[in-house]
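Everything below belongs to my_file37.cif, which stores mmCIF, C-alpha atoms.
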```
data_structure
loop_
_atom_site.label_atom_id
_atom_site.label_comp_id
_atom_site.auth_asym_id
_atom_site.auth_seq_id
_atom_site.Cartn_x
_atom_site.Cartn_y
_atom_site.Cartn_z
CA MET A 103 0.00 0.00 0.00
CA LYS A 104 1.25 3.47 -0.85
CA LYS A 105 1.85 5.87 2.01
CA ILE A 106 1.86 9.62 2.10
CA PRO A 107 5.29 10.85 3.10
CA GLU A 108 5.79 11.85 6.70
CA ALA A 109 6.82 15.43 7.43
CA GLN A 110 9.73 16.78 9.40
CA VAL A 111 9.25 19.50 11.99
CA ARG A 112 11.06 22.17 10.04
CA SER A 113 11.25 20.83 6.51
CA SER A 114 9.49 18.19 4.49
CA GLU A 115 10.73 14.65 3.92
CA ARG A 116 10.18 12.91 0.61
CA GLN A 117 8.59 9.50 0.59
CA VAL A 118 11.26 6.82 0.94
CA GLN A 119 10.92 4.14 -1.72
CA PRO A 120 11.62 0.43 -1.11
CA GLU A 121 15.21 -0.56 -1.87
CA PRO A 122 16.19 -3.36 -4.27
CA ALA A 123 15.56 -6.96 -3.24
CA GLU A 124 16.92 -8.00 0.15
CA GLU A 125 17.81 -4.44 1.11
CA LEU A 126 16.40 -3.27 4.44
CA SER A 127 14.22 -0.19 4.27
CA VAL A 128 11.72 1.80 6.31
CA ILE A 129 9.02 3.16 4.02
CA ALA A 130 6.68 5.05 6.36
CA ILE A 131 5.84 5.68 10.00
CA GLN A 132 2.51 6.46 11.60
CA SER A 133 2.13 7.27 15.28
CA LYS A 134 -0.15 7.90 18.25
CA TYR A 135 0.19 8.46 21.98
CA LEU A 136 -1.61 7.72 25.22
CA LEU A 137 -1.09 9.69 28.41
CA ARG A 138 0.08 7.49 31.24
CA ASP A 139 -0.36 10.32 33.75
CA THR A 140 0.60 13.99 33.96
CA THR A 141 4.31 13.14 33.95
CA GLN A 142 4.63 10.29 31.43
CA THR A 143 3.40 9.75 27.87
CA LYS A 144 3.54 6.44 26.02
CA VAL A 145 4.27 6.72 22.30
CA PHE A 146 3.55 4.12 19.63
CA LEU A 147 5.20 4.05 16.21
CA TYR A 148 3.64 1.90 13.48
CA VAL A 149 6.42 1.23 10.99
CA ASP A 150 6.32 -0.19 7.47
CA ALA A 151 9.70 -1.91 7.29
CA TYR A 152 10.84 -4.36 4.61
CA LYS A 153 13.68 -6.66 3.66
CA GLY A 154 13.38 -6.62 -0.09
CA LYS A 155 9.67 -7.22 -0.67
CA ASN A 156 9.11 -9.07 2.60
CA ILE A 157 8.04 -7.56 5.91
CA ILE A 158 10.97 -7.45 8.28
CA THR A 159 11.02 -9.49 11.49
CA PRO A 160 11.31 -7.78 14.90
CA SER A 161 14.74 -9.36 15.50
CA GLU A 162 16.04 -8.03 12.17
CA PHE A 163 14.64 -4.61 12.93
CA ILE A 164 16.25 -4.52 16.38
CA SER A 165 19.64 -5.55 14.99
CA VAL A 166 19.76 -2.95 12.22
CA PHE A 167 17.77 0.14 13.23
CA ASN A 168 18.12 2.82 15.94
CA LEU A 169 15.52 5.19 17.39
CA ASN A 170 15.98 8.59 18.98
CA TYR A 171 13.61 11.49 19.56
CA VAL A 172 13.42 15.19 20.36
CA ILE A 173 10.45 17.05 21.83
CA TYR A 174 10.17 20.59 20.45
CA SER A 175 7.94 23.31 21.86
CA ASP A 176 6.31 23.82 18.46
CA TYR A 177 6.80 23.40 14.73
CA GLY A 178 9.53 25.61 13.31
CA THR A 179 11.29 26.26 16.63
CA ARG A 180 14.56 25.02 18.07
CA GLU A 181 13.45 25.03 21.70
CA ARG A 182 13.89 21.49 23.04
CA LEU A 183 11.64 20.23 25.80
CA GLY A 184 13.23 16.78 25.94
CA TYR A 185 15.20 14.22 23.97
CA GLY A 186 16.46 10.66 24.25
CA ASN A 187 17.52 7.40 22.66
CA VAL A 188 15.24 4.38 22.82
CA LYS A 189 16.84 0.98 23.38
CA LEU A 190 15.10 -1.41 21.01
CA ASP A 191 14.50 -4.94 22.27
CA THR A 192 11.87 -7.68 22.24
CA ASP A 193 9.93 -5.91 25.01
CA ASN A 194 9.15 -2.82 22.95
CA VAL A 195 9.39 -4.00 19.33
CA ARG A 196 6.66 -6.29 17.98
CA ARG A 197 5.24 -7.28 14.63
CA ILE A 198 1.48 -6.80 14.46
CA ASP A 199 -0.17 -7.75 11.17
CA ASN A 200 2.07 -6.19 8.52
CA LYS A 201 3.73 -3.55 10.69
CA ILE A 202 6.53 -3.25 13.20
CA VAL A 203 5.15 -1.51 16.30
CA ILE A 204 7.53 0.26 18.68
CA SER A 205 6.36 1.53 22.07
CA PHE A 206 8.29 3.75 24.46
CA ASP A 207 7.75 6.24 27.29
CA VAL A 208 8.76 9.88 27.25
CA LYS A 209 8.82 12.27 30.16
CA SER A 210 6.08 14.85 29.73
CA PRO A 211 7.37 18.43 29.91
CA ASN A 212 5.45 20.95 31.95
CA ARG A 213 3.76 22.30 28.84
CA ASP A 214 0.30 22.01 27.35
CA TYR A 215 1.65 21.11 23.94
CA GLY A 216 4.72 19.78 22.17
CA VAL A 217 5.90 18.15 18.94
CA LEU A 218 7.69 14.82 19.23
CA LEU A 219 10.10 14.21 16.35
CA SER A 220 11.12 10.55 16.13
CA GLU A 221 14.00 9.43 13.92
CA ILE A 222 14.57 5.84 12.84
CA SER A 223 18.03 5.39 11.34
CA GLN A 224 19.81 2.40 9.85
CA THR A 225 23.14 1.44 11.40
CA GLY A 226 26.15 2.10 9.18
CA THR A 227 24.22 4.17 6.63
CA LEU A 228 22.84 7.67 6.24
CA LYS A 229 19.30 6.34 5.79
CA LYS A 230 16.70 7.72 8.17
CA VAL A 231 12.96 8.32 8.30
CA LEU A 232 11.26 10.94 10.48
CA ASN A 233 7.85 11.14 12.07
CA ASP A 234 6.29 14.12 13.83
CA LEU A 235 3.57 13.73 16.44
CA THR A 236 1.65 16.52 18.12
CA ILE A 237 1.13 15.74 21.83
CA ARG A 238 -1.25 17.63 24.10
CA PHE A 239 0.28 16.69 27.42
CA LYS A 240 -2.43 18.12 29.67
CA LYS A 241 -5.60 17.69 27.66
CA GLN A 242 -6.72 14.42 29.30
CA THR A 243 -9.66 13.72 26.96
CA THR A 244 -10.97 10.19 26.40
CA GLY A 245 -8.92 9.82 23.23
CA ASP A 246 -5.74 10.88 25.07
CA LEU A 247 -6.25 8.31 27.84
CA TYR A 248 -7.83 5.24 26.23
CA GLY A 249 -6.59 3.00 23.47
CA ILE A 250 -8.58 0.51 21.41
CA TYR A 251 -7.10 -2.99 21.59
CA THR A 252 -8.13 -6.09 19.66
CA ASP A 253 -7.57 -9.75 20.51
CA ALA A 254 -4.77 -9.88 17.95
CA SER A 255 -2.75 -6.99 19.37
CA ASP A 256 -0.98 -6.00 22.56
CA GLU A 257 -0.74 -2.44 21.26
CA PRO A 258 -3.59 0.03 20.58
CA LEU A 259 -4.98 0.48 17.10
CA GLN A 260 -3.68 3.51 15.26
CA ARG A 261 -6.83 3.82 13.18
CA HIS A 262 -10.29 5.24 14.01
CA TYR A 263 -12.39 2.29 12.82
CA ILE A 264 -13.24 -1.28 13.77
CA ASN A 265 -15.25 -3.92 11.95
CA THR A 266 -18.68 -5.12 13.03
CA ASN A 267 -18.65 -8.04 15.45
CA GLN A 268 -14.92 -7.60 16.07
CA THR A 269 -14.06 -7.99 19.74
CA PHE A 270 -12.10 -5.10 21.22
CA THR A 271 -11.22 -3.59 24.57
CA LEU A 272 -10.84 0.01 25.69
CA LYS A 273 -7.86 0.31 28.02
CA LYS A 274 -5.75 2.90 29.77
CA ILE A 275 -2.00 2.41 29.91
CA ASN A 276 -2.13 1.90 33.67
CA GLY A 277 -5.22 -0.32 33.53
CA GLY A 278 -8.27 -0.06 35.76
CA LYS A 279 -12.01 -0.36 35.13
CA ASP A 280 -14.06 2.75 34.50
CA GLN A 281 -17.61 3.40 33.38
CA LEU A 282 -17.70 5.04 29.97
CA HIS A 283 -20.61 6.73 28.20
CA VAL A 284 -21.37 6.00 24.55
CA PHE A 285 -23.43 8.07 22.11
CA TYR A 286 -24.41 6.26 18.89
CA TYR A 287 -25.11 8.06 15.60
CA ASP A 288 -26.82 6.18 12.77
CA HIS A 289 -25.87 8.82 10.23
CA THR A 290 -24.47 8.80 6.70
CA PHE A 291 -21.95 11.58 6.24
CA GLU A 292 -21.50 13.30 2.89
CA ALA A 293 -18.49 12.80 0.66
CA ALA A 294 -16.05 15.65 0.08
CA GLY A 295 -17.13 18.38 -2.29
CA SER A 296 -15.21 19.48 -5.35
CA PRO A 297 -11.85 21.21 -4.65
CA MET A 298 -13.10 24.04 -6.90
CA ASN A 299 -16.32 24.64 -4.95
CA THR A 300 -15.64 27.89 -3.12
CA ALA A 301 -19.27 28.63 -2.28
CA PRO A 302 -19.79 29.38 1.43
CA LYS A 303 -20.96 26.44 3.47
CA GLY A 304 -24.51 26.47 4.74
CA VAL A 305 -25.36 26.26 8.39
CA SER A 306 -24.27 22.90 9.75
CA LYS A 307 -27.11 20.61 10.64
CA SER A 308 -27.20 19.37 14.20
CA LEU A 309 -26.38 15.71 14.60
CA ASP A 310 -28.96 13.85 16.65
CA VAL A 311 -27.94 11.05 19.01
CA ASP A 312 -29.82 7.88 18.05
CA SER A 313 -29.10 6.02 21.27
CA SER A 314 -26.83 6.09 24.32
CA PHE A 315 -25.55 3.48 26.73
CA THR A 316 -22.70 2.78 29.13
CA ILE A 317 -19.79 0.34 28.87
CA SER A 318 -16.85 -0.62 31.07
CA SER A 319 -13.22 -0.18 30.16
CA ASP A 320 -10.87 -3.16 30.37
CA GLU A 321 -13.65 -5.56 29.39
CA PRO A 322 -14.24 -7.24 25.98
CA LEU A 323 -16.75 -5.36 23.80
CA LYS A 324 -18.44 -5.94 20.47
CA PHE A 325 -20.49 -3.44 18.46
CA THR A 326 -22.76 -5.22 15.99
CA LYS A 327 -24.32 -2.21 14.31
CA GLU A 328 -22.51 -0.05 11.76
CA GLY A 329 -22.31 3.65 12.52
CA LEU A 330 -20.44 6.23 14.56
CA TYR A 331 -19.88 5.76 18.29
CA ASN A 332 -18.53 8.56 20.47
CA ILE A 333 -17.13 7.48 23.83
CA PHE A 334 -16.73 9.75 26.88
CA THR A 335 -15.37 9.46 30.38
CA ASP A 336 -17.57 12.42 31.30
CA THR A 337 -20.62 13.56 29.32
CA THR A 338 -19.85 17.19 30.15
CA HIS A 339 -16.76 17.00 27.90
CA SER A 340 -17.09 18.29 24.34
CA GLU A 341 -14.56 15.91 22.77
CA GLY A 342 -14.85 12.14 22.84
CA LEU A 343 -13.16 9.10 21.37
CA GLY A 344 -14.86 8.59 18.02
CA LEU A 345 -15.04 5.04 16.70
CA LEU A 346 -16.48 4.26 13.28
CA VAL A 347 -17.90 0.74 13.09
CA VAL A 348 -17.81 -0.53 9.51
CA ASN A 349 -18.66 -3.68 7.56
CA GLU A 350 -16.47 -6.75 7.82
CA ARG A 351 -14.74 -6.12 4.46
CA TYR A 352 -13.67 -2.54 5.18
CA PRO A 353 -11.28 -0.88 4.23
CA LYS A 354 -11.98 -2.80 1.01
CA VAL A 355 -15.09 -1.72 -0.86
CA THR A 356 -16.92 -4.70 -2.33
CA ARG A 357 -20.68 -4.20 -2.00
CA PRO A 358 -22.11 -3.03 -5.35
CA GLU A 359 -23.96 -0.09 -3.77
CA LEU A 360 -20.75 0.99 -2.01
CA LEU A 361 -18.72 0.64 -5.21
CA LEU A 362 -20.93 3.29 -6.78
CA GLU A 363 -20.42 6.00 -4.17
CA PRO A 364 -16.73 6.94 -4.77
CA LEU A 365 -17.38 7.25 -8.51
CA LEU A 366 -18.77 10.73 -7.88
CA TYR A 367 -15.17 12.02 -7.97
CA VAL A 368 -14.73 10.99 -11.62
CA SER A 369 -18.32 10.87 -12.95
CA THR A 370 -21.15 13.23 -13.81
CA ASN A 371 -24.34 13.48 -11.79
CA THR A 372 -26.26 12.12 -14.77
CA GLU A 373 -24.06 9.03 -14.93
CA ILE A 374 -24.41 8.40 -11.19
CA ASN A 375 -28.20 8.78 -11.32
CA GLU A 376 -28.47 6.39 -14.27
CA ILE A 377 -26.53 3.71 -12.38
CA LYS A 378 -28.72 4.23 -9.32
CA LYS A 379 -31.81 3.42 -11.39
CA ALA A 380 -30.42 0.04 -12.42
CA GLU A 381 -31.76 -3.18 -10.92
CA ASN A 382 -28.33 -4.85 -11.00
CA TYR A 383 -25.70 -2.42 -9.68
CA LYS A 384 -22.74 -4.72 -10.29
CA LYS A 385 -23.63 -5.46 -13.91
CA THR A 386 -24.33 -1.79 -14.60
CA LEU A 387 -21.06 -0.67 -13.00
CA ASP A 388 -19.08 -3.09 -15.14
CA LYS A 389 -20.88 -1.81 -18.22
CA TYR A 390 -20.16 1.80 -17.15
CA TRP A 391 -16.38 1.22 -16.87
CA LEU A 392 -16.33 -0.76 -20.13
CA SER A 393 -18.11 2.05 -21.96
CA LEU A 394 -15.57 4.59 -20.66
CA MET A 395 -12.75 2.44 -22.08
CA ASN A 396 -14.47 2.06 -25.47
CA GLY A 397 -15.06 -1.64 -24.91
CA ASN A 398 -11.44 -2.47 -24.01
CA ALA A 399 -12.03 -5.04 -21.25
CA PRO A 400 -8.38 -5.45 -20.05
CA VAL A 401 -7.97 -1.66 -19.69
CA ALA A 402 -11.33 -1.41 -17.92
CA GLN A 403 -10.38 -4.17 -15.47
CA GLN A 404 -7.04 -2.54 -14.68
CA SER A 405 -8.69 0.88 -14.24
CA ILE A 406 -11.22 -0.63 -11.84
CA ARG A 407 -8.46 -2.27 -9.79
CA SER A 408 -6.46 0.97 -9.67
CA PHE A 409 -9.39 3.18 -8.73
CA TYR A 410 -10.74 0.97 -5.95
CA GLY A 411 -7.21 0.28 -4.77
CA ARG A 412 -6.91 4.03 -4.17
CA VAL A 413 -10.27 3.98 -2.37
CA GLU A 414 -9.05 1.21 -0.07
CA GLU A 415 -5.81 3.08 0.66
CA ALA A 416 -7.75 6.26 1.43
CA ASN A 417 -9.91 4.29 3.87
CA GLN A 418 -6.82 2.90 5.58
CA LEU A 419 -5.03 6.24 5.80
CA PHE A 420 -7.72 8.87 6.35
CA THR A 421 -10.77 7.39 8.09
CA THR A 422 -11.91 9.72 10.87
CA TYR A 423 -15.54 10.03 11.92
CA LYS A 424 -16.43 9.08 8.35
CA GLU A 425 -14.97 6.76 5.77
CA GLY A 426 -11.54 7.79 4.51
CA TRP A 427 -12.63 8.09 0.88
CA LYS A 428 -15.23 10.70 1.91
CA THR A 429 -12.69 13.03 3.54
CA ASP A 430 -11.02 15.93 1.76
CA LYS A 431 -7.64 14.18 1.99
CA GLY A 432 -9.18 10.98 0.68
CA MET A 433 -10.67 12.76 -2.34
CA ILE A 434 -7.34 14.33 -3.32
CA TYR A 435 -5.49 11.06 -2.73
CA ILE A 436 -7.90 9.00 -4.86
CA VAL A 437 -7.81 11.33 -7.85
CA LEU A 438 -4.20 12.56 -7.76
CA GLY A 439 -2.44 9.79 -5.82
CA PRO A 440 0.02 10.20 -2.92
CA PRO A 441 1.65 13.65 -2.71
CA ASP A 442 5.33 14.10 -3.52
CA LYS A 443 5.90 16.23 -0.44
CA VAL A 444 4.07 17.04 2.80
CA GLN A 445 4.70 20.07 4.99
CA ARG A 446 3.03 20.05 8.37
CA SER A 447 2.60 22.67 11.06
CA LYS A 448 0.50 22.82 14.22
CA ASP A 449 -2.85 23.29 12.50
CA LYS A 450 -2.12 22.81 8.81
CA GLU A 451 -0.83 20.36 6.22
CA VAL A 452 0.30 21.28 2.71
CA TRP A 453 0.49 18.56 0.06
CA THR A 454 2.66 19.27 -2.96
CA TYR A 455 2.44 17.46 -6.28
CA ASN A 456 5.53 18.09 -8.40
CA GLN A 457 3.63 17.62 -11.63
CA ARG A 458 0.10 16.68 -12.57
CA GLY A 459 -0.76 17.08 -16.22
CA ASN A 460 0.77 20.33 -17.42
CA ALA A 461 0.89 21.86 -13.92
CA GLN A 462 3.95 21.85 -11.70
CA ASN A 463 4.30 22.33 -7.94
CA VAL A 464 0.59 22.18 -7.19
CA ASN A 465 -0.22 22.73 -3.50
CA PHE A 466 -3.29 21.63 -1.55
CA THR A 467 -3.68 23.10 1.94
CA PHE A 468 -5.63 21.29 4.66
CA ASN A 469 -6.51 23.15 7.87
CA ARG A 470 -7.11 21.25 11.09
CA ARG A 471 -10.60 21.91 12.47
CA ASN A 472 -12.05 21.27 15.90
CA ASN A 473 -14.17 18.15 15.89
CA GLN A 474 -16.09 16.38 18.64
CA PHE A 475 -15.12 12.91 17.43
CA VAL A 476 -11.45 13.02 16.39
CA ASP A 477 -8.49 15.35 16.78
CA ASP A 478 -7.16 14.92 13.23
CA HIS A 479 -10.01 16.33 11.15
CA TYR A 480 -8.72 18.46 8.26
CA GLU A 481 -10.57 20.55 5.69
CA LEU A 482 -9.25 21.51 2.26
CA VAL A 483 -8.87 25.16 1.30
CA ARG A 484 -10.75 25.27 -2.01
CA TYR A 485 -9.85 27.39 -5.04
CA ALA A 486 -11.53 27.80 -8.44
CA GLU A 487 -8.00 27.83 -9.91
CA TYR A 488 -7.71 24.06 -9.38
CA GLN A 489 -10.02 23.50 -12.38
CA PRO A 490 -7.31 23.25 -15.12
CA ILE A 491 -5.41 20.79 -12.93
CA TRP A 492 -8.30 18.68 -11.71
CA TYR A 493 -10.32 18.05 -14.86
CA PRO A 494 -7.45 16.67 -17.00
CA VAL A 495 -6.62 14.13 -14.27
CA VAL A 496 -10.28 13.14 -13.96
CA GLU A 497 -10.37 12.72 -17.76
CA ALA A 498 -7.27 10.50 -17.53
CA TRP A 499 -9.20 8.22 -15.18
CA ARG A 500 -12.11 8.19 -17.61
CA ASN A 501 -10.07 7.26 -20.69
CA GLY A 502 -7.92 4.62 -19.01
CA SER A 503 -4.65 6.58 -18.94
CA ILE A 504 -4.44 5.99 -15.18
CA ARG A 505 -4.28 2.28 -14.46
#
```

For this file, produce the structure as structure tokens.
Amino acid sequence: MKKIPEAQVRSSERQVQPEPAEELSVIAIQSKYLLRDTTQTKVFLYVDAYKGKNIITPSEFISVFNLNYVIYSDYGTRERLGYGNVKLDTDNVRRIDNKIVISFDVKSPNRDYGVLLSEISQTGTLKKVLNDLTIRFKKQTTGDLYGIYTDASDEPLQRHYINTNQTFTLKKINGGKDQLHVFYYDHTFEAAGSPMNTAPKGVSKSLDVDSSFTISSDEPLKFTKEGLYNIFTDTTHSEGLGLLVVNERYPKVTRPELLLEPLLYVSTNTEINEIKKAENYKKTLDKYWLSLMNGNAPVAQQSIRSFYGRVEEANQLFTTYKEGWKTDKGMIYIVLGPPDKVQRSKDKEVWTYNQRGNAQNVNFTFNRRNNQFVDDHYELVRYAEYQPIWYPVVEAWRNGSIR
């Protein structure tokens, strides 16, 4: 799966590509944290590391890679709040699914906020990959204190979703049983609007709670109904731990009616409405793609695989309180692919594409917005000037040039 490149604190880092066969390489790092208490924070790094085309083993990782970190007071500053080297061993390096997961404690500075810059370097080489993680040391919301653990993992999930009927547990780093309050929303959220749509947004509709109930932390749980669940330690708090419960195939999209939805990014409203009228969605969708490719079945099949592969990647990377493909980041990723460069600051990300069509150095800016479900909700800054960039790429999807 392709990853967006991780950003440095002061300058951007290009995506690191896999090395030739049998070479060791770290491709990407994702991260999260949980507050142990007011003085200690536990950090988790989810690393895509390979030996050639194979996922590396924990013992190989430990023998070849090093980890150190610096805590800065903010992006773009040199003020250090802490730093250290992490000794890697079998206690803090594990393989979970297809990732190496590293866990370590850092001493929390007496600040509300900081940026943790982690560096994984390969012994005897100049190769290194960086990850930046914003930590709110004193916020103490549900999402800062509780992790979501599955039966298959001793470490918390990095993602915001879980599949229906999948057993999971909500746990604090230091353990203990607490009563938690859950609000359930049976709501379908809209997909991202066009990047050229600069019309002012209407008044946001209030989101009604469909049901509420209580659960206990540190006990096995299972949510059988798809939808959005927001979990609180205290109902007076405005921010909870949002958990999107999705079908058992997610992040893959396989249901015919779900296959139709992401097509809105590369189709006309008329085309979408015509497919909706069909009795057999799957047959009509196949016919739609085949007609776009002028009857060339191999090109149509490859285009379908490429498009829905991007949808799956967007779901893996960008799911928040709604499916990843519906987010602004997901929309840009599906149509244009992974950015060539990412610059990140406290409340903003800028994605740069070196060239798309005839345009060079195209930037897309995403601003972080307050959200009651997640702390990483970003909205795209829209411009009418994207039109000559966007439409040629959409047309490339429609004529089979992207596959």

Using all atoms listed in the file, which residues sit within 12 Å of Val149 in chain A once same-chain residues fewer than 2 positions away are excluded, as a ChimeraX atom specification? /A:105,108,127-134,146-147,151-152,157-160,163,167,169,195-205,220-222,231-233,260

Take the residues just selected and output them with C-alpha atoms as an mmCIF file, in the frame of the given file.
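As written to disk, part.cif reads:
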```cif
data_model
loop_
_atom_site.group_PDB
_atom_site.id
_atom_site.type_symbol
_atom_site.label_atom_id
_atom_site.label_comp_id
_atom_site.auth_asym_id
_atom_site.auth_seq_id
_atom_site.Cartn_x
_atom_site.Cartn_y
_atom_site.Cartn_z
ATOM 1 C CA LYS A 105 1.850 5.870 2.010
ATOM 2 C CA GLU A 108 5.790 11.850 6.700
ATOM 3 C CA SER A 127 14.220 -0.190 4.270
ATOM 4 C CA VAL A 128 11.720 1.800 6.310
ATOM 5 C CA ILE A 129 9.020 3.160 4.020
ATOM 6 C CA ALA A 130 6.680 5.050 6.360
ATOM 7 C CA ILE A 131 5.840 5.680 10.000
ATOM 8 C CA GLN A 132 2.510 6.460 11.600
ATOM 9 C CA SER A 133 2.130 7.270 15.280
ATOM 10 C CA LYS A 134 -0.150 7.900 18.250
ATOM 11 C CA PHE A 146 3.550 4.120 19.630
ATOM 12 C CA LEU A 147 5.200 4.050 16.210
ATOM 13 C CA ALA A 151 9.700 -1.910 7.290
ATOM 14 C CA TYR A 152 10.840 -4.360 4.610
ATOM 15 C CA ILE A 157 8.040 -7.560 5.910
ATOM 16 C CA ILE A 158 10.970 -7.450 8.280
ATOM 17 C CA THR A 159 11.020 -9.490 11.490
ATOM 18 C CA PRO A 160 11.310 -7.780 14.900
ATOM 19 C CA PHE A 163 14.640 -4.610 12.930
ATOM 20 C CA PHE A 167 17.770 0.140 13.230
ATOM 21 C CA LEU A 169 15.520 5.190 17.390
ATOM 22 C CA VAL A 195 9.390 -4.000 19.330
ATOM 23 C CA ARG A 196 6.660 -6.290 17.980
ATOM 24 C CA ARG A 197 5.240 -7.280 14.630
ATOM 25 C CA ILE A 198 1.480 -6.800 14.460
ATOM 26 C CA ASP A 199 -0.170 -7.750 11.170
ATOM 27 C CA ASN A 200 2.070 -6.190 8.520
ATOM 28 C CA LYS A 201 3.730 -3.550 10.690
ATOM 29 C CA ILE A 202 6.530 -3.250 13.200
ATOM 30 C CA VAL A 203 5.150 -1.510 16.300
ATOM 31 C CA ILE A 204 7.530 0.260 18.680
ATOM 32 C CA SER A 205 6.360 1.530 22.070
ATOM 33 C CA SER A 220 11.120 10.550 16.130
ATOM 34 C CA GLU A 221 14.000 9.430 13.920
ATOM 35 C CA ILE A 222 14.570 5.840 12.840
ATOM 36 C CA VAL A 231 12.960 8.320 8.300
ATOM 37 C CA LEU A 232 11.260 10.940 10.480
ATOM 38 C CA ASN A 233 7.850 11.140 12.070
ATOM 39 C CA GLN A 260 -3.680 3.510 15.260
#
```

Enumerate, as a PyMOL selection string, the residues matched when the PyMOL selection byres ((chain A and resi 313) around 9) is run on the file above. chain A and resi 284-288+311-312+314-315

For the atom pair CA of Gly329 in chain A and CA of Ile436 in chain A, what is the interatomic distance in Å to one decimal place? 23.2 Å

At a cut-off of 10 Å from (-17.6, 7.1, 22.7) in the coordinates of the file, what residues are picked up using only C-alpha atoms, written as number ranges by chain? A: 244-245, 282-286, 314-317, 330-335, 337, 341-346, 475

CA of Val413 in chain A to CA of Pro358 in chain A, straight-line distance in Å: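 Pair CA of Pro358 in chain A / CA of Val413 in chain A returns 14.1 Å.
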
Given the PyMOL selection byres ((chain A and resi 300) around 7), the residues it picks as an NGL selection string: :A and (298-299 or 301-302 or 484-486)

What residues come out when you apply the PyMOL selection byres ((chain A and resi 279) around 8) to this file, written as a PDB file with C-alpha atoms, in the frame of the given file?
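Saved as result36.pdb:
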```pdb
ATOM      1  CA  GLY A 277      -5.220  -0.320  33.530  1.00  0.00           C
ATOM      2  CA  GLY A 278      -8.270  -0.060  35.760  1.00  0.00           C
ATOM      3  CA  ASP A 280     -14.060   2.750  34.500  1.00  0.00           C
ATOM      4  CA  GLN A 281     -17.610   3.400  33.380  1.00  0.00           C
ATOM      5  CA  SER A 318     -16.850  -0.620  31.070  1.00  0.00           C
ATOM      6  CA  SER A 319     -13.220  -0.180  30.160  1.00  0.00           C
ATOM      7  CA  ASP A 320     -10.870  -3.160  30.370  1.00  0.00           C
ATOM      8  CA  GLU A 321     -13.650  -5.560  29.390  1.00  0.00           C
TER       9      GLU A 321
END
```

What gap, in Å, lies between CA of Lys327 in chain A and CA of Val347 in chain A?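 Value for the CA of Lys327 in chain A-CA of Val347 in chain A distance: 7.2 Å.
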
Find the residue from A:Asn469, A:Leu136, A:Glu162, A:Phe239 that sits nearest to Lys273 in chain A; use all atoms listed in the file when measuring.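 So, comparing all the options, the nearest one is A:Leu136.
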
Residues of range 227-277 of chain A that have any atom at most 10 Å from an atom of range 421-430 of chain A: could you tabulate them with the shortest-distance atom pair and the distance in Å to one decimal, using all atoms listed in the file, ordered by chain and increasing number, as a Markdown table?
```
| residue | atom | partner | partner_atom | distance |
| --- | --- | --- | --- | --- |
| A:Arg261 | CA | A:Thr421 | CA | 7.4 |
| A:His262 | CA | A:Thr422 | CA | 5.7 |
| A:Tyr263 | CA | A:Thr421 | CA | 7.1 |
```

Pick from A:Thr370, A:Ser503, A:Asn456, A:Thr236, whichever lies nearest to Phe409 in chain A using all atoms listed in the file: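 The shortest atom-to-atom distance to Phe409 in chain A comes from A:Ser503.
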
Which one is closest to Asn417 in chain A: A:Arg351, A:Leu365, A:Lys155, A:Gln474? Count all atoms listed in the file.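 Distance minimum relative to Asn417 in chain A lands on A:Arg351.
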
Dig up all the protein and nucleic acid residues within 9 Å of (2.5, 23.5, 10.5) in the file frame, using only C-alpha atoms, and format them as a PyMOL selection string. chain A and resi 111-112+176-178+445-452

Spatial neighbours of Val355 in chain A, 8 Å, all atoms listed in the file, chain gap at least 5 places, as a ChimeraX atom specification: /A:360-361,410,413-414

Nearest residue to Asp336 in chain A from the set A:Asn465, A:Ile374, A:Thr243, A:Thr179 (distances using only C-alpha atoms):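 Using only C-alpha atoms, the shortest distance to Asp336 in chain A belongs to A:Thr243.
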